[in-house]
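Text of upload-v2.pdb, listed as PDB, C-alpha atoms, pLDDT in the B column:
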```pdb
ATOM      1  CA  MET A   1      -6.614  36.269-103.884  1.00 52.00           C
ATOM      2  CA  GLN A   2     -10.042  36.755-102.383  1.00 53.00           C
ATOM      3  CA  ARG A   3     -10.606  33.005-102.560  1.00 50.00           C
ATOM      4  CA  SER A   4      -7.327  32.423-100.671  1.00 49.00           C
ATOM      5  CA  ILE A   5      -8.331  34.856 -97.961  1.00 45.00           C
ATOM      6  CA  ARG A   6     -11.678  33.122 -97.569  1.00 50.00           C
ATOM      7  CA  LYS A   7      -9.915  29.766 -97.194  1.00 46.00           C
ATOM      8  CA  PHE A   8      -7.583  31.241 -94.589  1.00 41.00           C
ATOM      9  CA  ARG A   9     -10.589  32.492 -92.643  1.00 48.00           C
ATOM     10  CA  VAL A  10     -11.897  28.940 -92.646  1.00 41.00           C
ATOM     11  CA  LEU A  11      -8.573  27.569 -91.403  1.00 42.00           C
ATOM     12  CA  LEU A  12      -8.090  30.156 -88.656  1.00 43.00           C
ATOM     13  CA  PRO A  13     -10.823  28.799 -86.327  1.00 42.00           C
ATOM     14  CA  LEU A  14      -9.343  25.316 -86.766  1.00 40.00           C
ATOM     15  CA  VAL A  15      -5.976  26.616 -85.609  1.00 38.00           C
ATOM     16  CA  VAL A  16      -7.566  28.176 -82.538  1.00 36.00           C
ATOM     17  CA  LEU A  17      -9.564  25.045 -81.704  1.00 37.00           C
ATOM     18  CA  SER A  18      -6.536  22.815 -82.127  1.00 37.00           C
ATOM     19  CA  ALA A  19      -4.472  24.972 -79.805  1.00 35.00           C
ATOM     20  CA  ALA A  20      -7.292  25.070 -77.274  1.00 33.00           C
ATOM     21  CA  SER A  21      -7.497  21.282 -77.243  1.00 32.00           C
ATOM     22  CA  PHE A  22      -4.100  21.208 -75.549  1.00 37.00           C
ATOM     23  CA  ALA A  23      -5.272  23.393 -72.662  1.00 37.00           C
ATOM     24  CA  PHE A  24      -5.480  22.149 -69.097  1.00 45.00           C
ATOM     25  CA  ALA A  25      -8.852  20.889 -67.923  1.00 56.00           C
ATOM     26  CA  GLY A  26      -8.346  22.733 -64.600  1.00 92.00           C
ATOM     27  CA  GLN A  27     -10.305  22.028 -61.444  1.00 95.00           C
ATOM     28  CA  SER A  28     -13.730  20.430 -61.009  1.00 97.00           C
ATOM     29  CA  VAL A  29     -15.785  20.379 -57.810  1.00 98.00           C
ATOM     30  CA  TYR A  30     -18.512  17.901 -56.837  1.00 98.00           C
ATOM     31  CA  SER A  31     -20.710  18.901 -53.908  1.00 98.00           C
ATOM     32  CA  SER A  32     -24.094  17.968 -52.437  1.00 97.00           C
ATOM     33  CA  LEU A  33     -24.276  21.224 -50.469  1.00 96.00           C
ATOM     34  CA  PRO A  34     -26.478  22.946 -49.523  1.00 95.00           C
ATOM     35  CA  LEU A  35     -28.155  20.346 -47.367  1.00 94.00           C
ATOM     36  CA  PRO A  36     -31.636  19.336 -48.519  1.00 94.00           C
ATOM     37  CA  SER A  37     -34.760  20.309 -46.648  1.00 92.00           C
ATOM     38  CA  PRO A  38     -35.778  18.595 -44.494  1.00 93.00           C
ATOM     39  CA  ASP A  39     -32.256  17.836 -43.382  1.00 91.00           C
ATOM     40  CA  THR A  40     -32.555  14.178 -42.419  1.00 92.00           C
ATOM     41  CA  HIS A  41     -29.867  11.525 -42.693  1.00 91.00           C
ATOM     42  CA  ALA A  42     -31.839   9.621 -45.348  1.00 93.00           C
ATOM     43  CA  ASN A  43     -32.493  12.732 -47.454  1.00 95.00           C
ATOM     44  CA  ASP A  44     -28.874  13.812 -47.211  1.00 96.00           C
ATOM     45  CA  ILE A  45     -27.638  10.402 -48.374  1.00 95.00           C
ATOM     46  CA  ALA A  46     -30.106  10.386 -51.275  1.00 97.00           C
ATOM     47  CA  VAL A  47     -28.739  13.715 -52.508  1.00 97.00           C
ATOM     48  CA  ALA A  48     -25.076  12.936 -51.793  1.00 98.00           C
ATOM     49  CA  THR A  49     -24.863   9.507 -53.460  1.00 97.00           C
ATOM     50  CA  PRO A  50     -25.272  10.741 -57.073  1.00 98.00           C
ATOM     51  CA  VAL A  51     -22.628  13.383 -56.388  1.00 98.00           C
ATOM     52  CA  GLU A  52     -20.211  10.685 -55.232  1.00 98.00           C
ATOM     53  CA  ASN A  53     -20.973   8.667 -58.368  1.00 98.00           C
ATOM     54  CA  SER A  54     -20.214  11.661 -60.587  1.00 98.00           C
ATOM     55  CA  PHE A  55     -16.920  12.198 -58.785  1.00 98.00           C
ATOM     56  CA  LEU A  56     -15.926   8.538 -59.153  1.00 97.00           C
ATOM     57  CA  ALA A  57     -16.770   8.635 -62.858  1.00 97.00           C
ATOM     58  CA  ALA A  58     -14.198  11.411 -63.322  1.00 96.00           C
ATOM     59  CA  LEU A  59     -11.358   9.220 -62.000  1.00 97.00           C
ATOM     60  CA  ASN A  60      -9.459   6.661 -64.037  1.00 94.00           C
ATOM     61  CA  LEU A  61      -7.762   5.045 -61.022  1.00 95.00           C
ATOM     62  CA  TYR A  62      -9.037   5.281 -57.478  1.00 97.00           C
ATOM     63  CA  GLY A  63      -9.501   3.539 -54.159  1.00 97.00           C
ATOM     64  CA  THR A  64     -11.722   4.130 -51.129  1.00 96.00           C
ATOM     65  CA  GLU A  65     -10.883   4.014 -47.423  1.00 92.00           C
ATOM     66  CA  THR A  66     -14.023   3.090 -45.475  1.00 88.00           C
ATOM     67  CA  TYR A  67     -12.295   3.149 -42.056  1.00 82.00           C
ATOM     68  CA  GLU A  68     -13.937  -0.164 -41.173  1.00 78.00           C
ATOM     69  CA  GLU A  69     -10.608  -1.705 -40.190  1.00 71.00           C
ATOM     70  CA  ILE A  70      -9.767   1.038 -37.691  1.00 62.00           C
ATOM     71  CA  THR A  71     -10.836  -0.845 -34.565  1.00 54.00           C
ATOM     72  CA  GLY A  72      -9.420  -2.207 -31.340  1.00 49.00           C
ATOM     73  CA  VAL A  73      -6.223  -0.506 -30.247  1.00 45.00           C
ATOM     74  CA  ARG A  74      -6.533   1.946 -33.125  1.00 47.00           C
ATOM     75  CA  LEU A  75      -9.931   3.131 -31.932  1.00 50.00           C
ATOM     76  CA  GLY A  76      -9.880   6.219 -29.736  1.00 51.00           C
ATOM     77  CA  LEU A  77      -9.634   9.979 -29.547  1.00 50.00           C
ATOM     78  CA  THR A  78      -5.877  10.258 -28.935  1.00 52.00           C
ATOM     79  CA  HIS A  79      -4.465   8.033 -31.653  1.00 57.00           C
ATOM     80  CA  LYS A  80      -2.440   9.788 -34.347  1.00 66.00           C
ATOM     81  CA  ASN A  81      -0.847   8.737 -37.599  1.00 75.00           C
ATOM     82  CA  GLN A  82      -3.594   6.393 -38.757  1.00 80.00           C
ATOM     83  CA  ALA A  83      -2.404   4.265 -41.667  1.00 85.00           C
ATOM     84  CA  LEU A  84      -4.945   4.387 -44.476  1.00 90.00           C
ATOM     85  CA  THR A  85      -5.245   2.072 -47.474  1.00 92.00           C
ATOM     86  CA  PHE A  86      -7.280   3.090 -50.487  1.00 95.00           C
ATOM     87  CA  GLY A  87      -8.467  -0.197 -51.892  1.00 92.00           C
ATOM     88  CA  SER A  88      -6.305  -1.923 -54.481  1.00 92.00           C
ATOM     89  CA  SER A  89      -5.178   1.339 -56.070  1.00 94.00           C
ATOM     90  CA  GLY A  90      -1.759   1.149 -54.425  1.00 95.00           C
ATOM     91  CA  ILE A  91      -2.335   4.547 -52.832  1.00 97.00           C
ATOM     92  CA  THR A  92      -1.809   4.726 -49.083  1.00 96.00           C
ATOM     93  CA  GLY A  93      -1.898   7.594 -46.644  1.00 94.00           C
ATOM     94  CA  THR A  94      -1.145   8.685 -43.107  1.00 90.00           C
ATOM     95  CA  ALA A  95      -3.927  10.590 -41.376  1.00 88.00           C
ATOM     96  CA  ASN A  96      -3.092  13.110 -38.678  1.00 83.00           C
ATOM     97  CA  PHE A  97      -6.497  13.638 -37.107  1.00 80.00           C
ATOM     98  CA  ALA A  98      -7.616  13.629 -33.501  1.00 72.00           C
ATOM     99  CA  GLY A  99      -8.656   9.992 -33.754  1.00 69.00           C
ATOM    100  CA  VAL A 100     -11.477   7.739 -34.811  1.00 69.00           C
ATOM    101  CA  GLN A 101     -14.753   6.838 -33.180  1.00 69.00           C
ATOM    102  CA  GLN A 102     -17.732   4.593 -33.585  1.00 68.00           C
ATOM    103  CA  ALA A 103     -20.833   6.457 -34.686  1.00 68.00           C
ATOM    104  CA  PRO A 104     -23.680   4.034 -35.432  1.00 67.00           C
ATOM    105  CA  GLY A 105     -26.506   5.672 -37.312  1.00 70.00           C
ATOM    106  CA  PHE A 106     -24.377   8.565 -38.528  1.00 77.00           C
ATOM    107  CA  THR A 107     -22.007   6.888 -40.964  1.00 81.00           C
ATOM    108  CA  VAL A 108     -22.415   5.996 -44.604  1.00 88.00           C
ATOM    109  CA  SER A 109     -21.156   2.425 -44.233  1.00 83.00           C
ATOM    110  CA  GLY A 110     -20.282   0.453 -41.133  1.00 75.00           C
ATOM    111  CA  LEU A 111     -19.719   1.779 -37.649  1.00 69.00           C
ATOM    112  CA  THR A 112     -16.405   3.592 -37.876  1.00 71.00           C
ATOM    113  CA  ALA A 113     -15.453   7.021 -39.142  1.00 76.00           C
ATOM    114  CA  LEU A 114     -12.503   9.343 -38.892  1.00 78.00           C
ATOM    115  CA  LEU A 115     -12.930  12.159 -36.410  1.00 75.00           C
ATOM    116  CA  GLU A 116     -11.989  15.739 -37.255  1.00 69.00           C
ATOM    117  CA  GLN A 117     -11.509  18.028 -34.268  1.00 66.00           C
ATOM    118  CA  PRO A 118      -9.031  20.869 -34.828  1.00 59.00           C
ATOM    119  CA  GLU A 119      -6.879  21.788 -31.868  1.00 52.00           C
ATOM    120  CA  ALA A 120      -5.890  25.316 -32.829  1.00 46.00           C
ATOM    121  CA  LEU A 121      -7.578  27.349 -35.521  1.00 46.00           C
ATOM    122  CA  PRO A 122      -7.659  29.742 -37.327  1.00 49.00           C
ATOM    123  CA  THR A 123      -3.889  29.095 -37.222  1.00 49.00           C
ATOM    124  CA  PRO A 124      -3.496  25.718 -38.959  1.00 50.00           C
ATOM    125  CA  ASN A 125      -1.323  23.131 -37.257  1.00 54.00           C
ATOM    126  CA  ASP A 126      -0.156  19.802 -38.564  1.00 62.00           C
ATOM    127  CA  ASP A 127      -3.397  17.995 -37.664  1.00 77.00           C
ATOM    128  CA  ASN A 128      -6.454  17.323 -39.791  1.00 86.00           C
ATOM    129  CA  ASN A 129      -4.559  16.178 -42.834  1.00 90.00           C
ATOM    130  CA  ILE A 130      -3.756  13.102 -44.873  1.00 93.00           C
ATOM    131  CA  VAL A 131      -0.339  12.700 -46.458  1.00 95.00           C
ATOM    132  CA  PHE A 132      -0.262  10.291 -49.404  1.00 98.00           C
ATOM    133  CA  ASN A 133       2.507   8.044 -50.690  1.00 97.00           C
ATOM    134  CA  SER A 134       2.126   9.341 -54.236  1.00 97.00           C
ATOM    135  CA  LEU A 135       0.734  12.270 -56.161  1.00 98.00           C
ATOM    136  CA  ILE A 136      -3.013  12.218 -56.789  1.00 98.00           C
ATOM    137  CA  ASN A 137      -5.465  14.370 -58.724  1.00 97.00           C
ATOM    138  CA  GLY A 138      -8.714  13.663 -56.914  1.00 98.00           C
ATOM    139  CA  PHE A 139     -10.001  13.682 -53.337  1.00 98.00           C
ATOM    140  CA  GLY A 140     -13.586  13.086 -52.225  1.00 98.00           C
ATOM    141  CA  SER A 141     -15.321  12.124 -49.003  1.00 97.00           C
ATOM    142  CA  TYR A 142     -18.556  12.077 -47.058  1.00 96.00           C
ATOM    143  CA  PHE A 143     -18.573  14.706 -44.309  1.00 95.00           C
ATOM    144  CA  ILE A 144     -20.791  14.035 -41.287  1.00 93.00           C
ATOM    145  CA  GLN A 145     -22.022  16.228 -38.389  1.00 91.00           C
ATOM    146  CA  ALA A 146     -20.554  19.440 -39.786  1.00 92.00           C
ATOM    147  CA  GLY A 147     -22.177  22.679 -38.673  1.00 91.00           C
ATOM    148  CA  ASP A 148     -24.116  21.203 -35.753  1.00 88.00           C
ATOM    149  CA  ALA A 149     -22.572  23.735 -33.354  1.00 82.00           C
ATOM    150  CA  ASN A 150     -23.931  27.199 -32.574  1.00 85.00           C
ATOM    151  CA  ASN A 151     -21.845  28.962 -35.217  1.00 85.00           C
ATOM    152  CA  VAL A 152     -21.565  28.888 -38.980  1.00 91.00           C
ATOM    153  CA  ASP A 153     -18.566  26.842 -40.014  1.00 91.00           C
ATOM    154  CA  MET A 154     -16.700  27.547 -43.252  1.00 94.00           C
ATOM    155  CA  LEU A 155     -14.906  24.456 -44.520  1.00 94.00           C
ATOM    156  CA  THR A 156     -11.884  24.559 -46.812  1.00 95.00           C
ATOM    157  CA  LEU A 157      -9.664  21.886 -48.346  1.00 96.00           C
ATOM    158  CA  ARG A 158      -6.011  22.730 -48.747  1.00 96.00           C
ATOM    159  CA  LEU A 159      -4.337  20.737 -51.533  1.00 97.00           C
ATOM    160  CA  GLU A 160      -0.551  20.663 -51.305  1.00 97.00           C
ATOM    161  CA  ASN A 161       2.231  19.253 -53.415  1.00 98.00           C
ATOM    162  CA  THR A 162       5.003  18.931 -50.848  1.00 97.00           C
ATOM    163  CA  LEU A 163       7.493  17.905 -53.534  1.00 97.00           C
ATOM    164  CA  ILE A 164       7.473  21.345 -55.128  1.00 97.00           C
ATOM    165  CA  GLY A 165       6.010  23.397 -52.273  1.00 97.00           C
ATOM    166  CA  SER A 166       2.768  24.400 -53.982  1.00 96.00           C
ATOM    167  CA  SER A 167      -0.556  24.925 -52.204  1.00 96.00           C
ATOM    168  CA  LYS A 168      -4.122  25.547 -53.341  1.00 96.00           C
ATOM    169  CA  ASP A 169      -7.225  26.184 -51.195  1.00 96.00           C
ATOM    170  CA  VAL A 170     -10.628  24.894 -52.306  1.00 97.00           C
ATOM    171  CA  VAL A 171     -13.640  26.267 -50.447  1.00 97.00           C
ATOM    172  CA  ILE A 172     -16.118  23.524 -49.581  1.00 97.00           C
ATOM    173  CA  GLY A 173     -18.752  25.933 -48.290  1.00 96.00           C
ATOM    174  CA  THR A 174     -20.488  27.048 -45.132  1.00 95.00           C
ATOM    175  CA  ILE A 175     -22.763  24.910 -43.002  1.00 94.00           C
ATOM    176  CA  GLY A 176     -24.729  25.593 -39.827  1.00 89.00           C
ATOM    177  CA  PRO A 177     -25.448  26.887 -37.351  1.00 91.00           C
ATOM    178  CA  ASN A 178     -27.329  24.130 -35.543  1.00 87.00           C
ATOM    179  CA  ALA A 179     -27.434  21.745 -38.480  1.00 91.00           C
ATOM    180  CA  SER A 180     -28.747  18.277 -37.749  1.00 90.00           C
ATOM    181  CA  SER A 181     -26.297  16.113 -35.813  1.00 87.00           C
ATOM    182  CA  THR A 182     -26.819  13.371 -38.403  1.00 89.00           C
ATOM    183  CA  ASN A 183     -26.317  15.552 -41.488  1.00 93.00           C
ATOM    184  CA  VAL A 184     -24.193  14.178 -44.318  1.00 95.00           C
ATOM    185  CA  PHE A 185     -22.851  15.756 -47.489  1.00 97.00           C
ATOM    186  CA  TYR A 186     -20.383  14.694 -50.151  1.00 98.00           C
ATOM    187  CA  PHE A 187     -17.594  16.840 -51.506  1.00 98.00           C
ATOM    188  CA  GLY A 188     -15.007  15.934 -54.091  1.00 98.00           C
ATOM    189  CA  VAL A 189     -12.459  17.833 -56.129  1.00 98.00           C
ATOM    190  CA  THR A 190     -10.268  16.937 -59.083  1.00 98.00           C
ATOM    191  CA  ASP A 191      -7.378  19.088 -60.176  1.00 97.00           C
ATOM    192  CA  THR A 192      -4.916  18.732 -63.015  1.00 95.00           C
ATOM    193  CA  ASP A 193      -2.240  20.063 -60.646  1.00 97.00           C
ATOM    194  CA  PRO A 194      -1.339  16.926 -58.644  1.00 97.00           C
ATOM    195  CA  PHE A 195      -1.054  16.964 -54.853  1.00 98.00           C
ATOM    196  CA  ASN A 196       0.024  14.572 -52.103  1.00 98.00           C
ATOM    197  CA  LYS A 197      -1.369  16.235 -48.982  1.00 97.00           C
ATOM    198  CA  VAL A 198      -4.926  17.269 -48.103  1.00 96.00           C
ATOM    199  CA  THR A 199      -5.800  19.345 -45.038  1.00 93.00           C
ATOM    200  CA  LEU A 200      -9.289  20.172 -43.820  1.00 92.00           C
ATOM    201  CA  LEU A 201      -9.522  23.708 -42.421  1.00 90.00           C
ATOM    202  CA  LEU A 202     -12.456  24.871 -40.318  1.00 88.00           C
ATOM    203  CA  SER A 203     -13.394  28.390 -39.277  1.00 87.00           C
ATOM    204  CA  ILE A 204     -14.433  27.286 -35.770  1.00 83.00           C
ATOM    205  CA  ASN A 205     -12.587  24.806 -33.565  1.00 76.00           C
ATOM    206  CA  THR A 206     -15.624  23.345 -31.801  1.00 77.00           C
ATOM    207  CA  ASP A 207     -17.133  21.622 -34.809  1.00 83.00           C
ATOM    208  CA  GLY A 208     -16.206  17.942 -34.619  1.00 82.00           C
ATOM    209  CA  ILE A 209     -16.589  16.324 -38.042  1.00 88.00           C
ATOM    210  CA  LEU A 210     -16.631  12.711 -39.135  1.00 88.00           C
ATOM    211  CA  LEU A 211     -15.354  11.481 -42.471  1.00 91.00           C
ATOM    212  CA  ASP A 212     -16.490   8.295 -44.156  1.00 92.00           C
ATOM    213  CA  ASN A 213     -15.753   6.534 -47.440  1.00 94.00           C
ATOM    214  CA  THR A 214     -12.890   8.767 -48.468  1.00 96.00           C
ATOM    215  CA  THR A 215     -11.806   8.242 -52.084  1.00 98.00           C
ATOM    216  CA  VAL A 216      -8.582   9.369 -53.733  1.00 98.00           C
ATOM    217  CA  GLY A 217      -7.300   8.776 -57.233  1.00 98.00           C
ATOM    218  CA  THR A 218      -6.018  10.157 -60.485  1.00 97.00           C
ATOM    219  CA  VAL A 219      -7.601  11.742 -63.526  1.00 91.00           C
ATOM    220  CA  ALA A 220      -6.503  11.820 -67.136  1.00 74.00           C
ATOM    221  CA  VAL A 221      -4.424  14.988 -67.398  1.00 59.00           C
ATOM    222  CA  VAL A 222      -4.547  16.874 -70.666  1.00 51.00           C
ATOM    223  CA  PRO A 223      -0.942  17.866 -71.552  1.00 51.00           C
ATOM    224  CA  GLU A 224       0.094  21.501 -71.501  1.00 50.00           C
ATOM    225  CA  PRO A 225       0.596  22.986 -74.971  1.00 51.00           C
ATOM    226  CA  ARG A 226       4.197  22.536 -76.082  1.00 47.00           C
ATOM    227  CA  ALA A 227       5.700  25.479 -77.894  1.00 47.00           C
ATOM    228  CA  ASP A 228       7.433  23.322 -80.510  1.00 48.00           C
ATOM    229  CA  ILE A 229       4.190  21.516 -81.412  1.00 45.00           C
ATOM    230  CA  LEU A 230       2.231  24.749 -81.715  1.00 44.00           C
ATOM    231  CA  LEU A 231       4.987  26.383 -83.777  1.00 49.00           C
ATOM    232  CA  ALA A 232       5.170  23.398 -86.099  1.00 54.00           C
ATOM    233  CA  PHE A 233       1.406  23.385 -86.478  1.00 47.00           C
ATOM    234  CA  GLY A 234       1.367  27.106 -87.208  1.00 53.00           C
ATOM    235  CA  ALA A 235       4.169  26.744 -89.746  1.00 53.00           C
ATOM    236  CA  GLY A 236       2.191  24.050 -91.534  1.00 54.00           C
ATOM    237  CA  VAL A 237      -0.854  26.290 -91.728  1.00 44.00           C
ATOM    238  CA  LEU A 238       1.256  29.122 -93.147  1.00 46.00           C
ATOM    239  CA  LEU A 239       2.712  26.810 -95.788  1.00 51.00           C
ATOM    240  CA  VAL A 240      -0.758  25.748 -96.835  1.00 45.00           C
ATOM    241  CA  PHE A 241      -1.889  29.352 -96.945  1.00 47.00           C
ATOM    242  CA  GLY A 242       1.208  30.235 -98.979  1.00 53.00           C
ATOM    243  CA  ARG A 243       0.309  27.636-101.548  1.00 53.00           C
ATOM    244  CA  PHE A 244      -3.160  29.168-101.875  1.00 46.00           C
ATOM    245  CA  VAL A 245      -1.678  32.630-102.375  1.00 46.00           C
ATOM    246  CA  ARG A 246       0.986  31.583-104.901  1.00 53.00           C
ATOM    247  CA  ARG A 247      -1.337  29.414-106.990  1.00 51.00           C
ATOM    248  CA  PRO A 248      -1.434  31.052-110.495  1.00 52.00           C
ATOM    249  CA  GLN A 249      -4.717  32.433-111.607  1.00 55.00           C
ATOM    250  CA  ALA A 250      -6.194  31.098-114.841  1.00 54.00           C
ATOM    251  CA  VAL A 251      -6.202  33.659-117.660  1.00 53.00           C
ATOM    252  CA  PRO A 252      -9.683  33.994-119.090  1.00 54.00           C
ATOM    253  CA  ARG A 253      -9.985  33.469-122.836  1.00 52.00           C
TER
END
```

This structure in structure tokens:
Amino acid sequence: MQRSIRKFRVLLPLVVLSAASFAFAGQSVYSSLPLPSPDTHANDIAVATPVENSFLAALNLYGTETYEEITGVRLGLTHKNQALTFGSSGITGTANFAGVQQAPGFTVSGLTALLEQPEALPTPNDDNNIVFNSLINGFGSYFIQAGDANNVDMLTLRLENTLIGSSKDVVIGTIGPNASSTNVFYFGVTDTDPFNKVTLLLSINTDGILLDNTTVGTVAVVPEPRADILLAFGAGVLLVFGRFVRRPQAVPR
């Protein structure tokens, strides 16, 4: 009997570990904040690039919108509903921002970037968001010129699944006041709860922000534990334990 109990104690941690392996991975954040010192464009990029690489490594399917094709009639501060294409991933999006602008010297690649300029905060409106054609699990982007106003700006990403009406806020962090006008940082988030709408919320409405090289994609989602699988596994363990208990003891001679 004592030997059976000892064997059960060995099996118990295996049961716990097996059940835990079904658990959700949850949410992961990738950020190059706070800004390095000195806060120069080159230093910021050097710190942000490895963060972007780590974020990309967490995705199993992704595409990046560089905004390079947003030119000509699509270039301006009043254009809405920008059509975005995220590489060959098949993911597309519609951006409802104030517009786009050319910002040579400030961007990560090329001369174009998406402009963020909220019209009415702290009450969110239907600007400053991207609505995607499918559910995704990851969103990451370079953020440029944040916090260069006279106030501290707190940035937040709102991840929404409009199909089921769920919403989750992810705090990016605070930046400023009077940060360099060429500052750049990278922020990415993956979440096992899929979403199809991302909104950038700012605590002050005077902080115009540029986005560049925005990446969206999917991650490998670990399935939620199913009750029937766990019950079957537990029943198997009990059967094994029962065999240990019922095994006849040898009679010493």

If we count all atoms listed in the file, what is near A:Leu84 at a cut-off of 8 Å, once residues fewer than 5 positions away on the same chain are taken out, given as a PDB file with C-alpha atoms, in the coordinates of the input?
```
ATOM      1  CA  GLU A  65     -10.883   4.014 -47.423  1.00 92.00           C
ATOM      2  CA  TYR A  67     -12.295   3.149 -42.056  1.00 82.00           C
ATOM      3  CA  THR A  92      -1.809   4.726 -49.083  1.00 96.00           C
ATOM      4  CA  GLY A  93      -1.898   7.594 -46.644  1.00 94.00           C
ATOM      5  CA  THR A  94      -1.145   8.685 -43.107  1.00 90.00           C
ATOM      6  CA  ALA A  95      -3.927  10.590 -41.376  1.00 88.00           C
TER       7      ALA A  95
END
```

Distance in Å - atom CA of A:Ser203 versus atom CA of A:Leu135: 27.3 Å

Per-axis box centre and lengths in Å around stretch 149-168 of chain A, 5 Å margin per side, axis-aligned, as lines of an AutoDock Vina configuration file:
```
center_x = -8.2
center_y = 23.4
center_z = -43.9
size_x = 41.4
size_y = 21.1
size_z = 32.6
```

Applied to the shown file, which residues does the PyMOL selection byres ((chain A and resi 85-91) around 12) return, written as an MDAnalysis selection string? chainID A and resid 59:70 82:84 92:95 130:140 196 213:218

Expand the PyMOL selection byres ((chain A and resi 150-165) around 7) into the explicit residue set it covers here, and present it as a ChimeraX atom specification. /A:147-149,166-178,194-204

Would you mind reading off the distance between atom CA of A:Asp193 and atom CA of A:Ala113, one decimal, in Å?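 Going from atom CA of A:Asp193 over to atom CA of A:Ala113 covers 28.4 Å.
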
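Proximity to A:Thr192 was assessed for A:His41, A:Glu52, A:Val108, A:Val219 counting all atoms listed in the file; the smallest distance is recorded for A:Val219.
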
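For the atom pair formed by atom CA of A:Asn43 and atom CA of A:Val29, the distance is 21.1 Å, given to one decimal.
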
Result set of the PyMOL selection byres ((chain A and resi 39) around 10) on the coordinates above, as a list in words: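 Taken over the shown coordinates, the PyMOL selection byres ((chain A and resi 39) around 10) returns Pro34, Leu35, Pro36, Ser37, Pro38, Thr40, His41, Ala42, Asn43, Asp44, Ala179, Ser180, Ser181, Thr182, Asn183 and Val184 of chain A.
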
From the list A:Tyr30, A:Phe97, A:Phe185, A:Phe106, which residue is nearest A:Val51 when using all atoms listed in the file? A:Tyr30

Which residue out of A:Thr190, A:Ser141, A:Asn129, A:Thr49 has the minimum interatomic distance to A:Gln27 when all atoms listed in the file are used? A:Thr190
